[in-house]
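Everything below belongs to work_37.txt, which stores compact mmCIF, C-alpha atoms and all ligand atoms.
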```txt
# COMPACT_ATOMS: atom_id res chain seq x y z
CA MET A 15 61.78 86.70 -3.31
CA PRO A 16 62.18 83.40 -1.43
CA ASP A 17 65.38 81.57 -2.38
CA ARG A 18 64.42 77.91 -2.22
CA THR A 19 67.80 76.91 -3.68
CA VAL A 20 69.65 77.71 -0.46
CA ARG A 21 69.68 74.44 1.39
CA VAL A 22 69.72 74.01 5.13
CA CYS A 23 69.47 70.62 6.80
CA THR A 24 68.28 70.19 10.38
CA VAL A 25 68.99 67.02 12.35
CA THR A 26 66.64 65.92 15.14
CA LEU A 27 67.58 62.64 16.80
CA ASN A 28 64.69 62.93 19.26
CA PRO A 29 61.68 64.78 17.80
CA ALA A 30 58.54 65.20 19.86
CA ILE A 31 54.87 65.84 19.57
CA ASP A 32 54.33 68.82 21.86
CA LEU A 33 51.08 68.40 23.80
CA THR A 34 50.34 71.87 25.18
CA ALA A 35 47.76 71.97 27.97
CA GLY A 36 46.37 75.17 29.48
CA MET A 37 44.98 75.63 32.98
CA ARG A 38 44.91 78.08 35.89
CA ASP A 39 46.71 77.58 39.23
CA PHE A 40 48.67 74.42 38.47
CA ARG A 41 49.35 72.50 41.70
CA PRO A 42 51.82 69.60 41.68
CA GLY A 43 50.52 66.64 43.72
CA ARG A 44 46.86 67.64 43.20
CA VAL A 45 44.18 66.90 40.62
CA ASN A 46 44.52 69.62 37.97
CA ARG A 47 41.78 70.25 35.39
CA ILE A 48 42.94 71.12 31.88
CA ALA A 49 40.99 73.94 30.20
CA TRP A 50 42.28 73.43 26.65
CA ASP A 51 44.94 71.50 24.78
CA ARG A 52 46.63 71.28 21.42
CA ALA A 53 49.17 68.92 19.82
CA ASP A 54 51.93 70.03 17.43
CA PRO A 55 54.71 68.08 15.75
CA GLY A 56 57.92 69.57 17.15
CA GLY A 57 61.35 68.93 18.58
CA LYS A 58 64.21 71.34 18.13
CA GLY A 59 65.34 70.65 14.56
CA VAL A 60 61.76 70.22 13.34
CA ASN A 61 60.87 73.64 14.72
CA VAL A 62 63.96 75.30 13.21
CA ALA A 63 63.15 73.77 9.81
CA SER A 64 59.53 74.82 10.03
CA PHE A 65 60.43 78.45 10.88
CA LEU A 66 63.01 78.64 8.06
CA ALA A 67 60.55 77.21 5.55
CA ASP A 68 58.11 80.00 6.49
CA PHE A 69 60.81 82.43 5.35
CA GLY A 70 61.26 80.72 1.98
CA VAL A 71 64.48 78.85 2.80
CA GLY A 72 64.89 75.42 1.18
CA VAL A 73 65.14 72.93 4.06
CA SER A 74 65.64 69.20 4.50
CA VAL A 75 65.07 67.38 7.77
CA THR A 76 66.60 64.17 9.03
CA GLY A 77 67.08 62.28 12.27
CA LEU A 78 65.16 59.45 13.90
CA MET A 79 61.37 59.20 13.82
CA GLY A 80 59.09 56.65 15.53
CA LEU A 81 57.02 55.16 12.73
CA GLU A 82 53.80 54.55 14.68
CA ASN A 83 52.83 58.23 15.01
CA ALA A 84 54.79 59.89 12.19
CA ARG A 85 51.71 61.21 10.37
CA PRO A 86 51.55 64.76 11.87
CA PHE A 87 55.22 65.25 10.97
CA ALA A 88 54.69 64.03 7.39
CA ASP A 89 51.73 66.42 7.07
CA LEU A 90 53.77 69.36 8.41
CA PHE A 91 56.66 68.67 6.04
CA ALA A 92 54.33 68.30 3.04
CA GLN A 93 52.46 71.50 3.91
CA LYS A 94 55.69 73.53 4.27
CA GLY A 95 57.62 72.01 1.34
CA ILE A 96 60.27 70.53 3.66
CA ALA A 97 62.20 67.53 2.24
CA ASP A 98 61.66 64.62 4.65
CA ARG A 99 64.77 62.44 5.02
CA PHE A 100 64.01 61.08 8.52
CA ILE A 101 65.00 57.49 9.29
CA GLY A 102 62.18 55.40 10.76
CA LEU A 103 62.40 53.64 14.12
CA ALA A 104 60.02 50.96 15.42
CA GLY A 105 57.69 52.46 18.04
CA ARG A 106 56.34 55.91 18.79
CA THR A 107 57.98 59.31 18.76
CA ARG A 108 57.73 60.79 22.29
CA THR A 109 55.00 63.19 23.33
CA ASN A 110 56.32 66.09 25.45
CA VAL A 111 53.85 67.82 27.73
CA LYS A 112 53.90 71.62 28.09
CA LEU A 113 51.71 72.80 30.95
CA ILE A 114 50.73 76.44 30.69
CA ASP A 115 49.47 78.03 33.89
CA GLU A 116 47.56 81.08 32.74
CA ALA A 117 47.44 82.46 36.28
CA ALA A 118 51.25 82.38 36.75
CA ALA A 119 53.85 84.77 35.45
CA GLY A 120 57.41 84.34 34.17
CA GLU A 121 59.19 80.98 34.05
CA ALA A 122 56.63 79.41 36.44
CA ALA A 123 54.00 79.79 33.73
CA VAL A 124 55.33 76.92 31.60
CA THR A 125 56.23 73.49 32.97
CA ASP A 126 58.02 71.24 30.47
CA LEU A 127 57.79 67.46 30.79
CA ASN A 128 60.27 66.19 28.20
CA PHE A 129 60.25 62.41 27.76
CA PRO A 130 63.27 60.27 26.81
CA GLY A 131 61.92 59.05 23.45
CA PRO A 132 62.28 55.65 21.76
CA THR A 133 65.61 53.86 21.87
CA ALA A 134 67.75 54.28 18.77
CA THR A 135 69.28 51.31 16.98
CA PRO A 136 72.86 51.27 15.64
CA ALA A 137 71.52 50.52 12.15
CA ALA A 138 69.19 53.55 12.17
CA LEU A 139 71.98 55.80 13.43
CA GLU A 140 74.26 54.57 10.69
CA GLU A 141 71.55 55.44 8.18
CA VAL A 142 71.36 58.98 9.58
CA GLY A 143 75.13 59.29 9.03
CA ALA A 144 74.85 58.03 5.47
CA THR A 145 71.93 60.38 4.78
CA LEU A 146 74.00 63.32 6.05
CA ASP A 147 76.90 62.32 3.79
CA ALA A 148 74.50 62.44 0.84
CA LEU A 149 72.90 65.73 1.92
CA ALA A 150 76.34 67.31 2.40
CA ALA A 151 76.68 67.31 -1.38
CA ASP A 152 74.19 70.15 -1.80
CA HIS A 153 73.32 71.54 1.64
CA GLU A 154 75.41 74.40 3.00
CA VAL A 155 74.38 74.60 6.63
CA PHE A 156 73.55 71.81 9.09
CA VAL A 157 71.74 72.42 12.36
CA LEU A 158 72.10 69.67 14.98
CA SER A 159 69.74 70.17 17.87
CA GLY A 160 68.01 68.71 20.87
CA SER A 161 68.47 65.86 23.30
CA VAL A 162 69.68 62.44 22.21
CA PRO A 163 67.63 59.30 22.86
CA ALA A 164 68.78 56.11 24.60
CA GLY A 165 71.03 54.00 22.40
CA VAL A 166 72.97 57.04 21.22
CA GLU A 167 76.45 57.83 22.56
CA ASP A 168 77.12 61.22 24.11
CA ASP A 169 79.70 61.97 21.42
CA VAL A 170 77.17 61.61 18.59
CA TYR A 171 77.14 65.32 17.75
CA ALA A 172 80.95 65.50 17.94
CA ARG A 173 81.17 62.70 15.38
CA LEU A 174 78.55 64.23 13.07
CA ILE A 175 80.23 67.64 13.27
CA ALA A 176 83.60 66.12 12.33
CA ARG A 177 81.95 64.23 9.45
CA LEU A 178 80.20 67.32 8.07
CA LYS A 179 83.15 69.63 8.58
CA GLY A 180 85.25 67.09 6.69
CA ARG A 181 82.90 67.69 3.76
CA GLY A 182 83.35 71.45 4.07
CA ARG A 183 79.97 72.15 5.65
CA LYS A 184 79.03 74.67 8.33
CA VAL A 185 77.51 73.12 11.49
CA ILE A 186 75.39 74.82 14.15
CA LEU A 187 74.84 73.00 17.45
CA ASP A 188 71.99 73.59 19.92
CA ALA A 189 72.18 70.92 22.60
CA SER A 190 72.73 70.50 26.32
CA GLY A 191 74.69 68.38 28.82
CA ALA A 192 77.24 65.82 27.71
CA PRO A 193 76.32 65.85 23.97
CA LEU A 194 76.94 69.62 23.94
CA ARG A 195 80.22 69.26 25.86
CA HIS A 196 81.51 66.65 23.41
CA GLY A 197 80.17 68.66 20.46
CA VAL A 198 82.10 71.77 21.52
CA GLY A 199 85.32 69.77 21.20
CA ALA A 200 84.59 69.15 17.52
CA GLY A 201 84.57 72.88 16.74
CA PRO A 202 81.11 73.71 15.37
CA ALA A 203 80.70 77.04 13.55
CA LEU A 204 78.12 78.25 16.09
CA ILE A 205 76.55 77.08 19.34
CA LYS A 206 73.47 78.53 21.05
CA PRO A 207 73.40 77.52 24.69
CA ASN A 208 70.95 79.22 27.02
CA ILE A 209 72.49 80.58 30.23
CA HIS A 210 71.86 77.31 32.12
CA GLU A 211 73.52 75.25 29.38
CA LEU A 212 76.45 77.70 29.32
CA ARG A 213 76.92 77.22 33.08
CA GLU A 214 76.80 73.43 32.65
CA LEU A 215 79.66 73.83 30.17
CA VAL A 216 81.95 76.33 31.84
CA GLY A 217 80.91 76.49 35.51
CA ARG A 218 80.06 79.69 37.35
CA VAL A 219 79.14 82.68 35.16
CA GLY A 220 77.28 85.77 36.40
CA ASP A 221 74.29 87.36 34.66
CA ASP A 222 76.20 90.38 33.43
CA PRO A 223 76.40 90.37 29.59
CA ALA A 224 80.12 91.23 29.63
CA GLU A 225 80.79 88.23 31.87
CA VAL A 226 78.67 86.00 29.64
CA ALA A 227 80.65 87.23 26.61
CA ALA A 228 83.93 86.42 28.37
CA ALA A 229 82.72 82.85 29.02
CA ALA A 230 81.68 82.61 25.36
CA ARG A 231 85.19 83.66 24.31
CA ASP A 232 86.65 80.83 26.41
CA LEU A 233 84.56 78.42 24.35
CA MET A 234 85.80 80.05 21.16
CA ASP A 235 89.36 79.49 22.39
CA ARG A 236 88.41 75.79 22.50
CA GLY A 237 87.55 75.87 18.78
CA VAL A 238 83.92 76.99 18.53
CA GLY A 239 83.49 79.56 15.73
CA SER A 240 80.99 81.80 17.46
CA VAL A 241 78.64 81.66 20.45
CA VAL A 242 75.14 82.97 21.08
CA VAL A 243 73.95 82.73 24.69
CA SER A 244 70.23 83.22 25.13
CA LEU A 245 69.23 84.71 28.47
CA GLY A 246 65.45 84.21 28.45
CA GLY A 247 63.74 87.44 29.47
CA GLU A 248 67.16 89.16 29.64
CA GLY A 249 67.80 88.87 25.89
CA ALA A 250 70.90 87.36 24.30
CA VAL A 251 74.65 87.82 24.00
CA LEU A 252 76.21 87.21 20.58
CA VAL A 253 79.96 86.77 20.30
CA GLU A 254 82.17 86.20 17.29
CA PRO A 255 85.87 86.86 16.70
CA GLY A 256 86.46 90.58 17.18
CA GLU A 257 82.90 91.56 18.12
CA ALA A 258 80.27 91.00 20.80
CA VAL A 259 76.83 92.50 21.38
CA HIS A 260 73.93 92.25 23.79
CA ALA A 261 70.45 92.18 22.24
CA ALA A 262 67.69 93.30 24.59
CA PRO A 263 64.47 91.25 24.36
CA LEU A 264 61.39 92.73 22.74
CA SER A 265 58.46 93.40 24.98
CA VAL A 266 55.62 91.11 23.88
CA ALA A 267 52.58 89.39 25.35
CA VAL A 268 53.95 85.91 26.06
CA ALA A 269 51.60 83.07 25.12
CA SER A 270 54.26 80.36 25.59
CA THR A 271 58.05 80.34 25.83
CA VAL A 272 58.24 76.93 24.12
CA GLY A 273 60.07 77.29 20.80
CA ALA A 274 61.67 80.69 21.58
CA GLY A 275 65.15 79.14 21.52
CA ASP A 276 64.45 77.26 18.27
CA ALA A 277 63.15 80.48 16.71
CA MET A 278 66.35 82.22 17.76
CA VAL A 279 68.42 79.51 16.03
CA ALA A 280 66.29 79.86 12.88
CA GLY A 281 66.77 83.64 12.91
CA LEU A 282 70.53 83.21 13.31
CA VAL A 283 70.66 80.81 10.36
CA LEU A 284 68.61 83.14 8.18
CA GLY A 285 70.87 86.06 9.18
CA LEU A 286 73.93 84.04 8.16
CA LEU A 287 72.37 83.09 4.81
CA ARG A 288 71.57 86.75 4.20
CA GLY A 289 75.13 87.81 5.12
CA LEU A 290 73.91 90.24 7.80
CA SER A 291 76.18 92.05 10.26
CA LEU A 292 76.35 90.69 13.82
CA ALA A 293 74.04 93.46 15.06
CA ASP A 294 71.45 92.72 12.38
CA ARG A 295 71.67 88.98 13.02
CA ALA A 296 71.00 89.79 16.68
CA ARG A 297 67.98 91.89 15.66
CA LEU A 298 66.59 89.19 13.36
CA ALA A 299 67.12 86.37 15.89
CA THR A 300 65.49 88.41 18.66
CA ALA A 301 62.55 89.28 16.43
CA PHE A 302 62.12 85.57 15.61
CA SER A 303 62.13 84.63 19.32
CA ALA A 304 59.70 87.38 20.23
CA ALA A 305 57.39 86.23 17.44
CA ALA A 306 57.48 82.64 18.72
CA LEU A 307 56.60 83.87 22.22
CA THR A 308 53.34 85.37 20.99
CA THR A 309 51.98 82.08 19.65
CA LEU A 310 51.00 78.74 21.15
CA GLY A 311 52.83 75.83 19.55
CA PRO A 312 55.88 76.22 17.29
CA ARG A 313 54.61 78.76 14.78
CA LEU A 314 55.45 82.30 13.73
CA PRO A 315 53.30 85.20 12.55
CA PRO A 316 53.74 86.19 8.86
CA PRO A 317 57.40 87.00 7.89
CA ALA A 318 56.74 90.71 7.22
CA GLU A 319 55.33 91.08 10.74
CA VAL A 320 58.36 89.33 12.26
CA GLU A 321 60.89 91.42 10.34
CA ALA A 322 59.07 94.66 11.10
CA ARG A 323 60.08 94.24 14.78
CA MET A 324 63.82 94.09 13.96
CA SER A 325 64.22 97.85 14.19
CA ASP A 326 62.80 97.79 17.75
CA VAL A 327 65.62 95.57 19.06
CA ARG A 328 68.13 97.52 21.16
CA ILE A 329 71.73 96.43 20.53
CA THR A 330 74.57 97.29 22.92
CA PRO A 331 78.18 96.62 21.88
CA LEU A 332 80.13 94.75 24.56
CA PRO A 333 83.79 95.41 25.38
CA ARG A 334 86.33 93.13 23.68
N1 LIG B 1 60.01 86.18 28.97
C1 LIG B 1 60.58 86.66 27.86
N2 LIG B 1 60.36 87.94 27.44
C2 LIG B 1 60.92 88.44 26.33
N3 LIG B 1 61.74 87.72 25.53
C3 LIG B 1 62.00 86.45 25.89
C4 LIG B 1 61.44 85.84 27.06
N4 LIG B 1 61.87 84.56 27.14
C5 LIG B 1 62.66 84.38 26.05
N5 LIG B 1 62.74 85.49 25.30
C6 LIG B 1 63.47 85.69 24.02
O1 LIG B 1 63.71 84.41 23.47
C7 LIG B 1 65.12 84.17 23.36
C8 LIG B 1 65.40 82.71 23.63
O2 LIG B 1 64.90 82.38 24.90
P1 LIG B 1 65.57 81.34 25.92
O3 LIG B 1 64.52 81.04 26.94
O4 LIG B 1 66.84 81.88 26.42
O5 LIG B 1 65.89 80.10 24.96
P2 LIG B 1 65.79 78.52 25.23
O6 LIG B 1 64.37 78.17 24.86
O7 LIG B 1 66.78 77.94 24.28
O8 LIG B 1 66.10 78.29 26.69
C9 LIG B 1 65.76 85.15 24.33
O9 LIG B 1 67.08 85.49 23.93
C10 LIG B 1 64.81 86.35 24.26
O10 LIG B 1 65.11 87.17 23.14
O1 LIG B 2 65.19 67.58 22.73
P1 LIG B 2 64.83 68.24 24.04
O2 LIG B 2 65.98 68.95 24.67
O3 LIG B 2 64.16 67.26 24.96
O4 LIG B 2 63.79 69.38 23.72
C1 LIG B 2 62.60 69.12 23.01
C2 LIG B 2 61.60 70.21 23.20
O5 LIG B 2 62.19 71.44 22.81
C3 LIG B 2 61.36 72.13 21.88
O6 LIG B 2 61.94 71.96 20.60
C4 LIG B 2 61.27 73.59 22.25
O7 LIG B 2 62.59 74.08 22.43
P2 LIG B 2 62.90 75.59 22.86
O8 LIG B 2 61.81 76.02 23.81
O9 LIG B 2 64.28 75.53 23.47
O10 LIG B 2 62.90 76.41 21.61
C5 LIG B 2 60.02 71.43 21.94
O11 LIG B 2 59.35 71.44 20.70
C6 LIG B 2 60.36 70.03 22.38
O12 LIG B 2 59.34 69.45 23.13
```

Could you write out this structure as structure tokens?
Ligand SMILES: Nc1ncnc2c1ncn2[C@@H]1O[C@H](COP(=O)(O)OP(=O)(O)O)[C@@H](O)[C@H]1O
Ligand SMILES: O=P(O)(O)OC[C@H]1O[C@](O)(COP(=O)(O)O)[C@@H](O)[C@@H]1O
Amino acid sequence: MPDRTVRVCTVTLNPAIDLTAGMRDFRPGRVNRIAWDRADPGGKGVNVASFLADFGVGVSVTGLMGLENARPFADLFAQKGIADRFIGLAGRTRTNVKLIDEAAAGEAAVTDLNFPGPTATPAALEEVGATLDALAADHEVFVLSGSVPAGVEDDVYARLIARLKGRGRKVILDASGAPLRHGVGAGPALIKPNIHELRELVGRVGDDPAEVAAAARDLMDRGVGSVVVSLGGEGAVLVEPGEAVHAAPLSVAVASTVGAGDAMVAGLVLGLLRGLSLADRARLATAFSAAALTTLGPRLPPPAEVEARMSDVRITPLPR
């Protein structure tokens, strides 16, 4: 039975319309002909909210939204029963381009062009803060994710984490670069860097899961509650006090890797809400990511289909 009373809030300071364009043999510097395209409202927190809503979780969304092209987002939120608490900005939300080369394999198959987005105003940012204060009254988990637009200080996530933790709320952070580095200092309950973001944070780390787990533990020594490092086609390493595991990826036909990380965050949140063991959270998060890989645009197959793959995920305990 879906439990719509459990409330999760996702925060997206820089949402995006994802324009996915398919072609064969993409050549930079040449004229490339697009075979097909599709547009989806997205951005990290929007995707996490959308995936959680599919699984019956009660979700609110906030952040900053360009008012000129907000319609597809409003339609998505209405269709999925997501409470829309975005703060409007003058101008347009960015459109990010995702080029899919159907003739290429692996990481070369998707080229991401992520735009900076409209500039935030201090007044709008203040409104986001006030909205979060209000939502903290009845939302248990807050997910802060994605890049930050111009006009926003690099310590924005650190400040929001401190504010929400001060109200007794659990905060999950999925960001990169300086906003992630500052955010780590505020001690979020969970972070989900990919391997590149982990290296930006801590310097050189090898690919070996045990080495990745050791780097994750260094971050936990700095005050982060637990760390999940996603390794793309190599799976993920999940570390919490006293336990660490590697989750091998599922073998699926990849339509697009866009949204796999957001799906992993959604699976981790759902696993926390359900009170699952670390190994089962790893299975659920991996099944979510695999499901996102099989679709174009940020959408998942039906929940029963996603969860059915959990038992296929191979979990290996890592040394302490
Ligand atoms: N090529 C792939 N094959 C199988 N699973 C994949 C592949 N790419 C990503 N995944 C799954 O998606 C998860 C998240 O992917 P990743 O690319 O690391 O996230 P992000 O989008 O945040 O960079 C991985 O941990 C893995 O389970
Ligand atoms: O905020 P950023 O870092 O620019 O990322 C935004 C992009 O990330 C996405 O949320 C997808 O993220 P993942 O592939 O990491 O799951 C897209 O919808 C969006 O275009």

Pick out the residues sitting within 6 Å of segment 237-252 of chain A, and hand them over as number ranges by chain; count all atoms listed in the file, and ignore anything fewer than 2 positions along from it in its own chain. A: 201-209, 230, 234-235, 254, 258-263

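If you look at atom CA of Leu298 of chain A and atom CA of Glu321 of chain A, they are 6.8 Å away from each other.
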
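Nearest to Ala117 of chain A of all the residues A:Leu66, A:Ala269, A:Ala189, A:Met278 is A:Ala269, based on all atoms listed in the file.
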
Using all atoms listed in the file, find each residue in chain A having at least one atom no more than 9 Å away from ligand LIG 2 (chain B); report its shortest atom-to-atom pair and that distance in Å (one decimal), rows by chain then rising number, as CSV.
```
residue,atom,partner,partner_atom,distance
A:Thr26,CA,B:LIG2,O1,7.9
A:Leu27,CA,B:LIG2,O1,8.1
A:Asn28,CA,B:LIG2,O1,5.8
A:Pro29,CA,B:LIG2,O1,6.7
A:Ala30,CA,B:LIG2,O12,5.4
A:Ile31,CA,B:LIG2,O12,6.8
A:Asp32,CA,B:LIG2,O12,5.2
A:Leu33,CA,B:LIG2,O12,8.4
A:Asp54,CA,B:LIG2,O11,8.2
A:Pro55,CA,B:LIG2,O11,7.6
A:Gly56,CA,B:LIG2,O11,4.3
A:Gly57,CA,B:LIG2,O6,3.7
A:Lys58,CA,B:LIG2,O6,3.4
A:Gly59,CA,B:LIG2,O6,7.1
A:Val60,CA,B:LIG2,O6,7.5
A:Asn61,CA,B:LIG2,O6,6.2
A:Val62,CA,B:LIG2,O6,8.4
A:Arg108,CA,B:LIG2,O12,8.8
A:Thr109,CA,B:LIG2,O12,7.6
A:Asn110,CA,B:LIG2,O12,5.1
A:Val111,CA,B:LIG2,O12,7.3
A:Lys112,CA,B:LIG2,O12,7.7
A:Asp126,CA,B:LIG2,O12,7.7
A:Leu127,CA,B:LIG2,O12,8.1
A:Asn128,CA,B:LIG2,O3,5.2
A:Phe129,CA,B:LIG2,O3,6.8
A:Pro130,CA,B:LIG2,O3,7.3
A:Gly131,CA,B:LIG2,O3,8.6
A:Ser159,CA,B:LIG2,O1,7.1
A:Gly160,CA,B:LIG2,O1,3.6
A:Ser161,CA,B:LIG2,O1,3.7
A:Val162,CA,B:LIG2,O1,6.8
A:Pro163,CA,B:LIG2,O1,8.6
A:Asp188,CA,B:LIG2,O9,8.7
A:Ala189,CA,B:LIG2,O2,6.8
A:Ser190,CA,B:LIG2,O2,7.1
A:Asn208,CA,B:LIG2,O9,8.4
A:Ser270,CA,B:LIG2,O8,8.9
A:Thr271,CA,B:LIG2,O8,6.1
A:Val272,CA,B:LIG2,O8,3.7
A:Gly273,CA,B:LIG2,O10,3.1
A:Ala274,CA,B:LIG2,O10,4.5
A:Gly275,CA,B:LIG2,O10,3.5
A:Asp276,CA,B:LIG2,O10,3.8
A:Ala277,CA,B:LIG2,O10,6.4
A:Met278,CA,B:LIG2,O10,7.8
A:Val279,CA,B:LIG2,O10,8.4
A:Ser303,CA,B:LIG2,O10,8.6
A:Ala306,CA,B:LIG2,O10,8.7
A:Gly311,CA,B:LIG2,O11,7.9
A:Pro312,CA,B:LIG2,O11,6.8
```

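Minimum distance to ligand LIG 1 (chain B) across A:Glu211, A:Glu116, A:Asp68, A:Asp39 (counting only C-alpha atoms and all ligand atoms) occurs at A:Glu211.
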
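Between ligand LIG 1 (chain B) and the candidates A:Gly180, A:Pro223, A:Pro42, A:Pro316, the tightest atom-to-atom separation, counting only C-alpha atoms and all ligand atoms, involves A:Pro223.
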
Using all atoms of ligand LIG 1 (chain B) listed in the file and a margin of 8 Å per side, can you give the axis-aligned box centre and edge lengths in Å to one decimal, as AutoDock Vina command-line options?
```
--center_x 63.5 --center_y 83.2 --center_z 26.1 --size_x 23.1 --size_y 26.5 --size_z 21.8
```

Would you mind listing what lies within 10 Å of Val155 of chain A as a PyMOL selection string, with only C-alpha atoms counted and same-chain residues fewer than 6 positions away left out? chain A and resi 20-24+73+178+182-186+203+283+286-287

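When all atoms listed in the file are used to measure the gap to ligand LIG 1 (chain B), the shortest distance among A:Arg44, A:Arg288, A:Arg181, A:His210 belongs to A:His210.
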
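Interatomic distance, atom CA of Pro132 of chain A to atom CA of Val166 of chain A: 10.8 Å.
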
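Minimum atom-to-atom distances from A:Ala299, A:Leu233, A:Leu332, A:Leu90 to ligand LIG 1 (chain B) were compared using only C-alpha atoms and all ligand atoms, and the lowest value belongs to A:Ala299.
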
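In this model, the gap between atom CA of Arg323 of chain A and atom CA of Ala229 of chain A comes to 29.1 Å.
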
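The nearest approach to ligand LIG 1 (chain B) among the residues A:Val25, A:Val216, A:Leu264, A:Leu149, with all atoms listed in the file taken into account, belongs to A:Leu264.
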
Kindly extract all protein, DNA and RNA residues lying within 10 Å of the coordinates (67.4, 53.3, 16.9) given in the file, considering only C-alpha atoms, and supply them as JSON, numbers by chain. {"A": [27, 78, 79, 80, 101, 102, 103, 104, 105, 132, 133, 134, 135, 136, 137, 138, 139, 140, 141, 163, 164, 165, 166]}

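Residues of protein, DNA and RNA with at least one atom no farther than 8 Å from (62.1, 71.8, 2.8) are, using all atoms listed in the file, Ala63, Ala67, Val71, Gly72, Val73, Ser74, Val75, Phe91, Lys94, Gly95, Ile96, Ala97 and Asp98 of chain A.
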